[in-house]
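As stored in coords.cif (mmCIF, C-alpha atoms and all ligand atoms):
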```cif
data_coords
loop_
_atom_site.label_atom_id
_atom_site.label_comp_id
_atom_site.auth_asym_id
_atom_site.auth_seq_id
_atom_site.Cartn_x
_atom_site.Cartn_y
_atom_site.Cartn_z
CA MET A 1 -90.13 76.53 9.11
CA GLN A 2 -89.77 75.77 5.38
CA THR A 3 -86.50 74.02 4.73
CA GLU A 4 -84.84 71.95 2.07
CA LYS A 5 -82.54 70.52 4.70
CA SER A 6 -82.98 66.85 5.36
CA PHE A 7 -82.28 65.75 8.94
CA LYS A 8 -80.53 62.41 9.19
CA SER A 9 -82.79 60.39 11.48
CA GLU A 10 -82.99 56.93 13.00
CA ILE A 11 -86.06 54.72 13.15
CA PHE A 12 -85.50 53.17 16.57
CA ASN A 13 -88.86 51.51 17.22
CA ILE A 14 -91.59 50.12 14.97
CA ILE A 15 -95.02 49.15 16.28
CA PRO A 16 -97.25 47.10 13.97
CA LEU A 17 -100.79 48.46 14.31
CA THR A 18 -102.88 46.69 11.67
CA ALA A 19 -102.23 44.62 8.55
CA ARG A 20 -101.51 47.86 6.63
CA GLU A 21 -100.23 50.39 9.15
CA LYS A 22 -97.15 50.62 11.33
CA LEU A 23 -96.17 53.31 13.83
CA PHE A 24 -92.56 54.44 13.46
CA HIS A 25 -90.69 56.16 16.29
CA ILE A 26 -88.05 58.33 14.64
CA LYS A 27 -85.40 60.53 16.19
CA ILE A 28 -83.26 63.14 14.50
CA CYS A 29 -79.69 61.92 15.02
CA ASP A 30 -78.12 65.29 15.85
CA ALA A 31 -79.06 66.26 19.41
CA TYR A 32 -79.03 70.01 18.67
CA GLU A 33 -81.23 69.67 15.55
CA ARG A 34 -83.54 67.35 17.48
CA GLU A 35 -84.01 69.91 20.25
CA LYS A 36 -84.67 72.69 17.71
CA PHE A 37 -87.24 70.70 15.71
CA THR A 38 -90.75 71.93 16.53
CA PHE A 39 -94.11 71.49 14.84
CA LEU A 40 -97.82 72.12 15.41
CA PRO A 41 -100.74 69.65 15.22
CA GLY A 42 -101.73 69.00 11.61
CA GLN A 43 -98.29 69.60 10.08
CA PHE A 44 -96.41 67.00 8.09
CA VAL A 45 -92.86 66.01 7.21
CA MET A 46 -91.32 64.72 4.00
CA LEU A 47 -89.88 61.35 4.95
CA GLU A 48 -87.00 60.25 2.72
CA LEU A 49 -85.89 56.72 2.24
CA PRO A 50 -82.40 57.24 0.81
CA GLY A 51 -82.06 56.04 -2.76
CA CYS A 52 -85.77 55.33 -3.05
CA GLY A 53 -87.88 58.46 -2.66
CA GLU A 54 -89.79 60.77 -0.33
CA VAL A 55 -93.34 60.75 0.98
CA PRO A 56 -95.39 63.33 2.92
CA ILE A 57 -96.50 61.94 6.30
CA SER A 58 -98.43 63.72 9.08
CA ILE A 59 -96.78 63.95 12.47
CA SER A 60 -98.86 61.94 14.89
CA SER A 61 -97.13 62.53 18.22
CA SER A 62 -97.32 65.17 20.92
CA ILE A 63 -95.49 68.40 20.15
CA SER A 64 -94.01 68.27 23.63
CA ASN A 65 -92.18 65.03 22.94
CA LYS A 66 -88.79 66.46 22.03
CA ASP A 67 -87.05 63.07 21.91
CA PHE A 68 -88.71 61.65 18.82
CA ILE A 69 -91.67 61.94 16.46
CA GLU A 70 -94.23 59.28 15.66
CA LEU A 71 -95.32 58.63 12.08
CA CYS A 72 -98.10 56.17 11.31
CA ILE A 73 -97.59 54.85 7.79
CA ARG A 74 -99.96 52.87 5.61
CA LYS A 75 -98.33 50.55 3.09
CA VAL A 76 -99.77 51.61 -0.30
CA GLY A 77 -96.95 51.69 -2.85
CA LYS A 78 -93.28 51.90 -3.61
CA VAL A 79 -91.83 54.06 -0.80
CA THR A 80 -94.30 53.12 1.94
CA GLY A 81 -93.89 49.44 0.98
CA LEU A 82 -90.14 49.67 1.44
CA LEU A 83 -90.55 51.62 4.70
CA HIS A 84 -92.64 48.75 6.03
CA ARG A 85 -89.73 46.38 5.40
CA LEU A 86 -87.28 48.40 7.53
CA GLU A 87 -86.02 47.25 10.91
CA PRO A 88 -85.17 49.40 13.95
CA GLY A 89 -81.82 51.09 13.41
CA ALA A 90 -82.62 52.12 9.81
CA ILE A 91 -81.54 55.61 8.77
CA VAL A 92 -83.98 57.91 6.96
CA GLY A 93 -84.19 61.63 6.18
CA ILE A 94 -86.76 64.08 7.53
CA ARG A 95 -87.54 67.46 5.97
CA GLY A 96 -89.95 69.90 7.49
CA PRO A 97 -92.20 70.40 9.28
CA PHE A 98 -94.39 71.71 6.47
CA GLY A 99 -97.84 73.13 6.00
CA THR A 100 -100.53 74.79 8.03
CA HIS A 101 -101.82 73.50 11.37
CA PHE A 102 -105.09 73.17 13.25
CA PRO A 103 -105.62 76.54 14.98
CA MET A 104 -105.91 75.20 18.53
CA GLN A 105 -105.57 78.67 20.09
CA LYS A 106 -108.71 79.87 18.28
CA MET A 107 -110.67 77.06 19.93
CA VAL A 108 -109.88 78.04 23.52
CA GLY A 109 -113.02 78.14 25.69
CA CYS A 110 -115.02 75.97 23.27
CA ASN A 111 -115.95 72.34 22.66
CA ILE A 112 -113.86 70.43 20.14
CA LEU A 113 -115.40 67.80 17.92
CA LEU A 114 -112.83 65.62 16.16
CA ILE A 115 -114.18 63.53 13.32
CA ALA A 116 -111.90 60.94 11.72
CA GLY A 117 -112.33 58.29 9.07
CA GLY A 118 -109.74 55.52 8.67
CA LEU A 119 -106.22 56.89 8.47
CA GLY A 120 -107.65 60.35 9.27
CA ILE A 121 -107.09 59.68 12.98
CA VAL A 122 -103.32 59.99 12.37
CA PRO A 123 -102.98 63.81 12.15
CA LEU A 124 -105.72 64.18 14.77
CA ARG A 125 -103.62 62.27 17.29
CA SER A 126 -101.22 65.20 17.80
CA THR A 127 -104.30 67.40 18.24
CA ILE A 128 -105.60 65.02 20.92
CA TYR A 129 -102.28 65.25 22.78
CA TRP A 130 -102.37 69.04 22.46
CA ALA A 131 -105.90 69.23 23.85
CA ASN A 132 -104.91 67.02 26.78
CA GLU A 133 -101.83 69.10 27.55
CA HIS A 134 -104.01 72.24 27.55
CA ARG A 135 -107.09 70.48 28.92
CA SER A 136 -108.39 73.41 30.97
CA ASP A 137 -108.46 75.59 27.83
CA TYR A 138 -111.23 73.53 26.26
CA LYS A 139 -114.70 72.36 27.25
CA ASP A 140 -115.98 69.00 25.92
CA ILE A 141 -113.69 67.06 23.63
CA THR A 142 -115.40 64.41 21.53
CA ILE A 143 -113.84 62.07 18.99
CA LEU A 144 -115.99 60.33 16.39
CA TYR A 145 -114.02 57.66 14.60
CA GLY A 146 -115.20 55.46 11.76
CA ALA A 147 -113.34 52.61 10.07
CA LYS A 148 -114.31 50.01 7.48
CA GLU A 149 -113.70 47.05 9.82
CA PRO A 150 -112.77 46.56 13.48
CA GLY A 151 -109.29 45.33 12.44
CA GLN A 152 -108.64 48.67 10.75
CA ILE A 153 -109.25 50.80 13.83
CA LEU A 154 -106.00 52.55 14.67
CA PHE A 155 -104.75 53.29 18.20
CA ASP A 156 -107.64 51.45 19.89
CA TYR A 157 -105.14 50.32 22.54
CA GLN A 158 -104.98 53.97 23.64
CA PHE A 159 -108.71 54.73 23.70
CA GLU A 160 -109.24 53.64 27.32
CA GLU A 161 -106.39 55.87 28.47
CA TRP A 162 -107.58 58.83 26.35
CA HIS A 163 -111.09 58.43 27.69
CA LYS A 164 -110.02 58.25 31.34
CA ILE A 165 -106.92 60.41 31.60
CA PHE A 166 -107.57 62.91 28.83
CA ASP A 167 -111.20 63.41 29.89
CA LEU A 168 -112.69 63.04 26.47
CA LYS A 169 -115.46 61.06 24.87
CA ILE A 170 -114.62 58.68 22.05
CA LEU A 171 -117.21 56.94 19.89
CA THR A 172 -116.32 54.41 17.21
CA ILE A 173 -118.28 52.82 14.42
CA VAL A 174 -117.40 50.30 11.70
CA GLN A 175 -118.93 49.97 8.28
CA ASN A 176 -118.81 46.17 8.04
CA ARG A 177 -120.25 43.93 10.75
CA ALA A 178 -117.68 41.49 12.18
CA GLU A 179 -117.45 38.72 14.75
CA ASN A 180 -116.45 39.88 18.24
CA TRP A 181 -117.50 43.46 17.44
CA GLU A 182 -120.13 44.62 19.85
CA GLY A 183 -119.93 48.27 18.91
CA ARG A 184 -121.91 50.26 16.38
CA VAL A 185 -122.13 49.36 12.72
CA GLY A 186 -122.80 52.01 10.08
CA LEU A 187 -121.38 55.23 8.73
CA ILE A 188 -119.63 57.87 10.78
CA THR A 189 -122.58 60.22 10.31
CA ASP A 190 -124.73 57.72 12.29
CA LEU A 191 -122.75 58.72 15.38
CA PHE A 192 -124.19 62.22 15.21
CA ASP A 193 -127.34 60.88 16.95
CA GLU A 194 -125.24 60.44 20.08
CA VAL A 195 -123.61 63.84 20.15
CA PRO A 196 -125.56 66.95 21.02
CA ILE A 197 -123.77 69.88 19.36
CA ASP A 198 -123.82 73.44 20.64
CA PRO A 199 -123.09 75.22 17.33
CA ASP A 200 -122.07 78.58 18.81
CA ASN A 201 -119.55 76.95 21.07
CA THR A 202 -118.04 74.19 18.98
CA PHE A 203 -115.13 73.83 16.57
CA ALA A 204 -114.93 70.77 14.33
CA ILE A 205 -111.81 69.15 12.92
CA VAL A 206 -112.45 66.62 10.18
CA CYS A 207 -109.97 64.25 8.60
CA GLY A 208 -110.65 61.27 6.39
CA PRO A 209 -111.42 60.12 2.88
CA PRO A 210 -112.98 62.70 0.51
CA VAL A 211 -116.32 60.88 0.40
CA MET A 212 -116.71 61.42 4.14
CA PHE A 213 -116.19 65.18 3.97
CA LYS A 214 -119.31 65.84 1.95
CA PHE A 215 -121.71 64.19 4.38
CA VAL A 216 -119.97 65.31 7.54
CA PHE A 217 -119.79 68.96 6.49
CA ALA A 218 -123.43 68.88 5.36
CA HIS A 219 -124.46 67.71 8.84
CA LEU A 220 -122.26 70.20 10.67
CA THR A 221 -123.64 73.00 8.48
CA ASN A 222 -127.20 71.85 9.18
CA VAL A 223 -126.71 71.95 12.92
CA GLY A 224 -125.44 75.51 12.55
CA ILE A 225 -121.67 75.40 13.03
CA SER A 226 -120.04 78.24 11.13
CA ARG A 227 -118.01 77.06 8.14
CA GLN A 228 -115.09 79.06 9.50
CA ARG A 229 -115.17 76.87 12.61
CA MET A 230 -114.80 73.66 10.65
CA PHE A 231 -111.31 72.51 9.67
CA LEU A 232 -110.09 69.77 7.42
CA SER A 233 -106.82 68.35 6.19
CA LEU A 234 -106.60 67.96 2.41
CA GLU A 235 -104.41 65.26 0.92
CA ARG A 236 -102.82 65.66 -2.49
CA ARG A 237 -99.89 64.04 -4.21
CA MET A 238 -96.81 66.05 -3.19
CA HIS A 239 -93.24 66.14 -4.34
CA CYS A 240 -91.29 69.07 -2.88
CA GLY A 241 -93.53 70.02 0.06
CA MET A 242 -92.57 73.66 -0.32
CA GLY A 243 -94.40 75.29 -3.22
CA LYS A 244 -91.85 74.65 -5.97
CA CYS A 245 -92.94 71.67 -8.05
CA CYS A 246 -96.66 72.52 -8.59
CA ARG A 247 -97.61 68.88 -7.94
CA CYS A 248 -100.14 69.62 -5.23
CA ASN A 249 -102.27 72.49 -6.61
CA VAL A 250 -106.01 72.73 -6.27
CA GLY A 251 -106.95 75.70 -8.42
CA SER A 252 -104.73 78.54 -7.30
CA ILE A 253 -103.74 77.03 -3.96
CA PHE A 254 -100.82 74.81 -3.10
CA THR A 255 -101.90 72.21 -0.57
CA CYS A 256 -98.33 71.87 0.72
CA LEU A 257 -98.00 75.59 1.56
CA ASP A 258 -101.55 76.94 1.93
CA GLY A 259 -102.67 73.63 3.51
CA PRO A 260 -102.98 70.81 4.23
CA VAL A 261 -105.20 72.33 6.94
CA PHE A 262 -107.94 74.67 5.69
CA ASP A 263 -111.18 75.95 7.08
CA TYR A 264 -114.20 74.66 5.22
CA TRP A 265 -115.22 78.17 4.16
CA THR A 266 -111.96 78.56 2.20
CA VAL A 267 -112.24 75.35 0.19
CA MET A 268 -115.96 74.64 -0.10
CA ASN A 269 -116.28 76.35 -3.48
CA LEU A 270 -112.85 75.47 -4.77
CA LYS A 271 -113.29 73.14 -7.74
CA GLU A 272 -112.05 69.60 -7.02
CA ALA A 273 -110.88 70.45 -3.51
CA ILE A 274 -113.29 68.08 -1.78
C1 LIG B 1 -100.13 66.15 3.81
C2 LIG B 1 -100.13 64.65 3.71
C3 LIG B 1 -100.06 63.89 4.85
C4 LIG B 1 -100.07 62.49 4.75
N1 LIG B 1 -99.99 61.78 5.92
C5 LIG B 1 -99.94 60.43 5.85
C6 LIG B 1 -99.81 59.67 7.06
O1 LIG B 1 -99.74 60.19 8.17
N2 LIG B 1 -99.73 58.33 6.92
C7 LIG B 1 -99.80 57.70 5.70
O2 LIG B 1 -99.74 56.46 5.64
N3 LIG B 1 -99.96 58.40 4.55
C8 LIG B 1 -100.01 59.75 4.60
N4 LIG B 1 -100.12 60.47 3.44
C9 LIG B 1 -100.21 59.74 2.14
C10 LIG B 1 -98.81 59.30 1.73
O3 LIG B 1 -98.02 60.44 1.46
C11 LIG B 1 -98.89 58.40 0.47
O4 LIG B 1 -99.55 57.21 0.80
C12 LIG B 1 -97.50 58.08 -0.02
O5 LIG B 1 -96.93 59.25 -0.59
C13 LIG B 1 -97.53 56.97 -1.03
O6 LIG B 1 -96.21 56.77 -1.48
P1 LIG B 1 -95.76 55.39 -2.13
O7 LIG B 1 -94.47 55.64 -2.86
O8 LIG B 1 -95.75 54.29 -1.14
O9 LIG B 1 -96.94 55.08 -3.13
P2 LIG B 1 -96.95 55.26 -4.73
O10 LIG B 1 -96.21 54.09 -5.28
O11 LIG B 1 -96.51 56.64 -5.10
O12 LIG B 1 -98.51 55.15 -4.98
C14 LIG B 1 -99.26 54.00 -4.62
C15 LIG B 1 -100.74 54.30 -4.70
O13 LIG B 1 -101.14 55.27 -3.71
C16 LIG B 1 -101.74 56.41 -4.34
N5 LIG B 1 -101.26 57.60 -3.60
C17 LIG B 1 -100.00 57.96 -3.41
N6 LIG B 1 -99.93 59.12 -2.70
C18 LIG B 1 -101.18 59.48 -2.44
C19 LIG B 1 -101.78 60.58 -1.76
N7 LIG B 1 -101.08 61.58 -1.20
N8 LIG B 1 -103.13 60.62 -1.68
C20 LIG B 1 -103.86 59.64 -2.26
N9 LIG B 1 -103.35 58.58 -2.92
C21 LIG B 1 -102.04 58.50 -3.02
C22 LIG B 1 -101.22 56.38 -5.76
O14 LIG B 1 -102.11 57.04 -6.64
C23 LIG B 1 -101.16 54.91 -6.04
O15 LIG B 1 -102.42 54.38 -6.37
C24 LIG B 1 -100.14 61.85 3.49
C25 LIG B 1 -100.21 62.62 2.34
C26 LIG B 1 -100.22 64.01 2.43
C27 LIG B 1 -100.30 64.82 1.18
S1 LIG B 2 -95.63 69.62 -3.27
FE1 LIG B 2 -94.42 70.80 -4.63
S2 LIG B 2 -95.64 72.58 -4.85
FE2 LIG B 2 -96.67 71.48 -3.32
#
```
Would you write out, as structure tokens, the structure that this file holds?
Amino acid sequence: MQTEKSFKSEIFNIIPLTAREKLFHIKICDAYEREKFTFLPGQFVMLELPGCGEVPISISSSISNKDFIELCIRKVGKVTGLLHRLEPGAIVGIRGPFGTHFPMQKMVGCNILLIAGGLGIVPLRSTIYWANEHRSDYKDITILYGAKEPGQILFDYQFEEWHKIFDLKILTIVQNRAENWEGRVGLITDLFDEVPIDPDNTFAIVCGPPVMFKFVFAHLTNVGISRQRMFLSLERRMHCGMGKCCRCNVGSIFTCLDGPVFDYWTVMNLKEAI
């Protein structure tokens, strides 16, 4: 659904996650519009702070939650900084959903390997809920998650529940050693030692900073996963979210329309994509 319409929405709950990220629970005010609003894992919305500006943000909640959506927002600049100062009850606008999604139906009958760096866990969270809600469709589900420091790990309060109830394996690693951290220290690629991969039966979804893509895709290619079975979400500066402003191009593609989700095969030779 590509739309210029902005849905008046209320932020009714805000959960601080780390020093930089907060999780916003947002509901579209009109009950009919709220019921009609649907999205797929990997899609994003344009979140408008009236009088200030708009930012693209991935939807991080389950698609079956029809009451509200969850957006995890990192404070980096003007709009996100102001969003972080809001209190419950604040009114914002939501346009969308926009963009392509992770093709979960294609993965039926296979293992899913989710690889996230830092904020990259945010769009993968709706994928995790999807996989749980269709658990019998998939074989092993493994999440590899790397962050710079333990204090930057997002959603760790949910890991126990995901591990037990969602029947998935989750492995974390941090780059910088810290007190009270008994887990692994290193780069996300170090976690590959602990995950045997069956290349003919596995799909990979990768989301994180550009520097991570290069090494992760090299490993996945080496173990023999087809490049058409590897998916990534590409972030670019966006303005309109719907193919009009030309702000988000990479070569001939618009990341807002043709992406943000691509298979690796499509973008691997596209100059400056990764
Ligand atoms: C498809 C998509 C999904 C996204 N999902 C999320 C999400 O779930 N949570 C989240 O916190 N952020 C997400 N982002 C990034 C978010 O849109 C930007 O952080 C936001 O637009 C910054 O706005 P600002 O006005 O606060 O910062 P500005 O004042 O515009 O910029 C502050 C700094 O951030 C840099 N910056 C701004 N936007 C981006 C960007 N898109 N990529 C890299 N650097 C940028 C600027 O160059 C500048 O250095 C997503 C971006 C895209 C394209
Ligand atoms: S954000 Fe305007 S064309 Fe993509």
Query - Exercise: Val206 in chain A partners within 6 Å, only C-alpha atoms, chain neighbours under 6 positions left out, as a list in words - result: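 In the requested format, the answer is Ile115, Ala116 and Leu232 of chain A.
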Query - Long-range neighbours of range 7-13 of chain A as a PyMOL selection string, 12 Å cut-off, all atoms listed in the file, 3 positions minimum in chain - result: chain A and resi 3-4+16+22-34+36-37+45-50+67-72+83-97
Hey, can you spit out that residue selection with C-alpha atoms as a CSV table (one decimal), in the frame of the given file?
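Now in again.csv:
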```csv
chain,number,residue,atom,x,y,z
A,3,THR,CA,-86.5,74.0,4.7
A,4,GLU,CA,-84.8,72.0,2.1
A,16,PRO,CA,-97.2,47.1,14.0
A,22,LYS,CA,-97.2,50.6,11.3
A,23,LEU,CA,-96.2,53.3,13.8
A,24,PHE,CA,-92.6,54.4,13.5
A,25,HIS,CA,-90.7,56.2,16.3
A,26,ILE,CA,-88.0,58.3,14.6
A,27,LYS,CA,-85.4,60.5,16.2
A,28,ILE,CA,-83.3,63.1,14.5
A,29,CYS,CA,-79.7,61.9,15.0
A,30,ASP,CA,-78.1,65.3,15.8
A,31,ALA,CA,-79.1,66.3,19.4
A,32,TYR,CA,-79.0,70.0,18.7
A,33,GLU,CA,-81.2,69.7,15.6
A,34,ARG,CA,-83.5,67.4,17.5
A,36,LYS,CA,-84.7,72.7,17.7
A,37,PHE,CA,-87.2,70.7,15.7
A,45,VAL,CA,-92.9,66.0,7.2
A,46,MET,CA,-91.3,64.7,4.0
A,47,LEU,CA,-89.9,61.4,5.0
A,48,GLU,CA,-87.0,60.2,2.7
A,49,LEU,CA,-85.9,56.7,2.2
A,50,PRO,CA,-82.4,57.2,0.8
A,67,ASP,CA,-87.0,63.1,21.9
A,68,PHE,CA,-88.7,61.6,18.8
A,69,ILE,CA,-91.7,61.9,16.5
A,70,GLU,CA,-94.2,59.3,15.7
A,71,LEU,CA,-95.3,58.6,12.1
A,72,CYS,CA,-98.1,56.2,11.3
A,83,LEU,CA,-90.6,51.6,4.7
A,84,HIS,CA,-92.6,48.8,6.0
A,85,ARG,CA,-89.7,46.4,5.4
A,86,LEU,CA,-87.3,48.4,7.5
A,87,GLU,CA,-86.0,47.2,10.9
A,88,PRO,CA,-85.2,49.4,14.0
A,89,GLY,CA,-81.8,51.1,13.4
A,90,ALA,CA,-82.6,52.1,9.8
A,91,ILE,CA,-81.5,55.6,8.8
A,92,VAL,CA,-84.0,57.9,7.0
A,93,GLY,CA,-84.2,61.6,6.2
A,94,ILE,CA,-86.8,64.1,7.5
A,95,ARG,CA,-87.5,67.5,6.0
A,96,GLY,CA,-90.0,69.9,7.5
A,97,PRO,CA,-92.2,70.4,9.3
```
Requested in this report: Select the residues contacting ligand LIG 1 (chain B) at a distance of at most 6 Å, based on all atoms listed in the file, then format the selection as a PyMOL selection string.
Outcome: chain A and resi 44+55-58+72-74+76-81+122+235-238+260
Query raised in the report: Of the candidates A:Ile173, A:Ile225, A:Ile128, A:Cys240, which shows the shortest atom-to-atom distance to ligand LIG 2 (chain B), using only C-alpha atoms and all ligand atoms?
Result: A:Cys240
Using all atoms listed in the file, which protein or nucleic acid residues are at most 7 Å from ligand LIG 2 (chain B), as a short mmCIF file (atom, residue, chain, number, x, y, z; two decimals) with C-alpha atoms, keeping the file's coordinate frame?
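Listed below is the output, selection.cif:
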```cif
data_model
loop_
_atom_site.label_atom_id
_atom_site.label_comp_id
_atom_site.auth_asym_id
_atom_site.auth_seq_id
_atom_site.Cartn_x
_atom_site.Cartn_y
_atom_site.Cartn_z
CA MET A 238 -96.81 66.05 -3.19
CA HIS A 239 -93.24 66.14 -4.34
CA CYS A 240 -91.29 69.07 -2.88
CA GLY A 241 -93.53 70.02 0.06
CA MET A 242 -92.57 73.66 -0.32
CA GLY A 243 -94.40 75.29 -3.22
CA LYS A 244 -91.85 74.65 -5.97
CA CYS A 245 -92.94 71.67 -8.05
CA CYS A 246 -96.66 72.52 -8.59
CA ARG A 247 -97.61 68.88 -7.94
CA CYS A 248 -100.14 69.62 -5.23
CA ASN A 249 -102.27 72.49 -6.61
CA PHE A 254 -100.82 74.81 -3.10
CA THR A 255 -101.90 72.21 -0.57
CA CYS A 256 -98.33 71.87 0.72
CA LEU A 257 -98.00 75.59 1.56
#
```
Requested in this report: Might you pull out every residue within 7 Å of Lys169 in chain A, with only C-alpha atoms counted and same-chain residues fewer than 6 positions away left off, and present them as a list in words?
Outcome: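 With the cut-off at 7 Å, the set is Ile141, Thr142, Ile143 and His163 of chain A.
Between CA of Arg125 in chain A and CA of Gly99 in chain A the separation is 16.7 Å.
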Query raised in the report: CA of Tyr138 in chain A and CA of Met230 in chain A are how many Å apart?
Result: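 CA of Met230 in chain A lies 16.0 Å from CA of Tyr138 in chain A.
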Requested in this report: Measure the distance from CA of Thr189 in chain A to CA of Phe217 in chain A in Å and round it to one decimal.
Outcome: 9.9 Å
Query - Test item: residues at most 12 Å from Gly117 in chain A, only C-alpha atoms, excluding those fewer than 2 positions along its chain, as number ranges by chain - result: A: 114-115, 119-124, 143-149, 152-154, 171-175, 187-189, 205-213, 216, 232-233
Requested in this report: Give the answer as one residue: which of A:Gln158, A:Pro199, A:Phe192, A:Gly42 has the shortest atom-to-atom distance to Ser126 in chain A, using all atoms listed in the file?
Outcome: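 Of A:Gln158, A:Pro199, A:Phe192, A:Gly42, the one nearest Ser126 in chain A is A:Gly42, counting all atoms listed in the file.
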Requested in this report: Could you tell me which of A:Glu21, A:Glu35, A:Asp258, A:Glu179 comes closest to Lys75 in chain A if we count only C-alpha atoms?
Outcome: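 Counting only C-alpha atoms, the residue closest to Lys75 in chain A is A:Glu21.
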Query raised in the report: Given the choices A:Ala19, A:Leu191, A:Cys110, A:Val261, which gets closest to Phe98 in chain A if the distance is worked out from only C-alpha atoms?
Result: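 Distance minimum relative to Phe98 in chain A lands on A:Val261.
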Query raised in the report: Which of these, A:Lys164, A:Lys214, A:His101, A:Lys139, has the shortest distance to Thr127 in chain A once you count all atoms listed in the file?
Result: A:His101
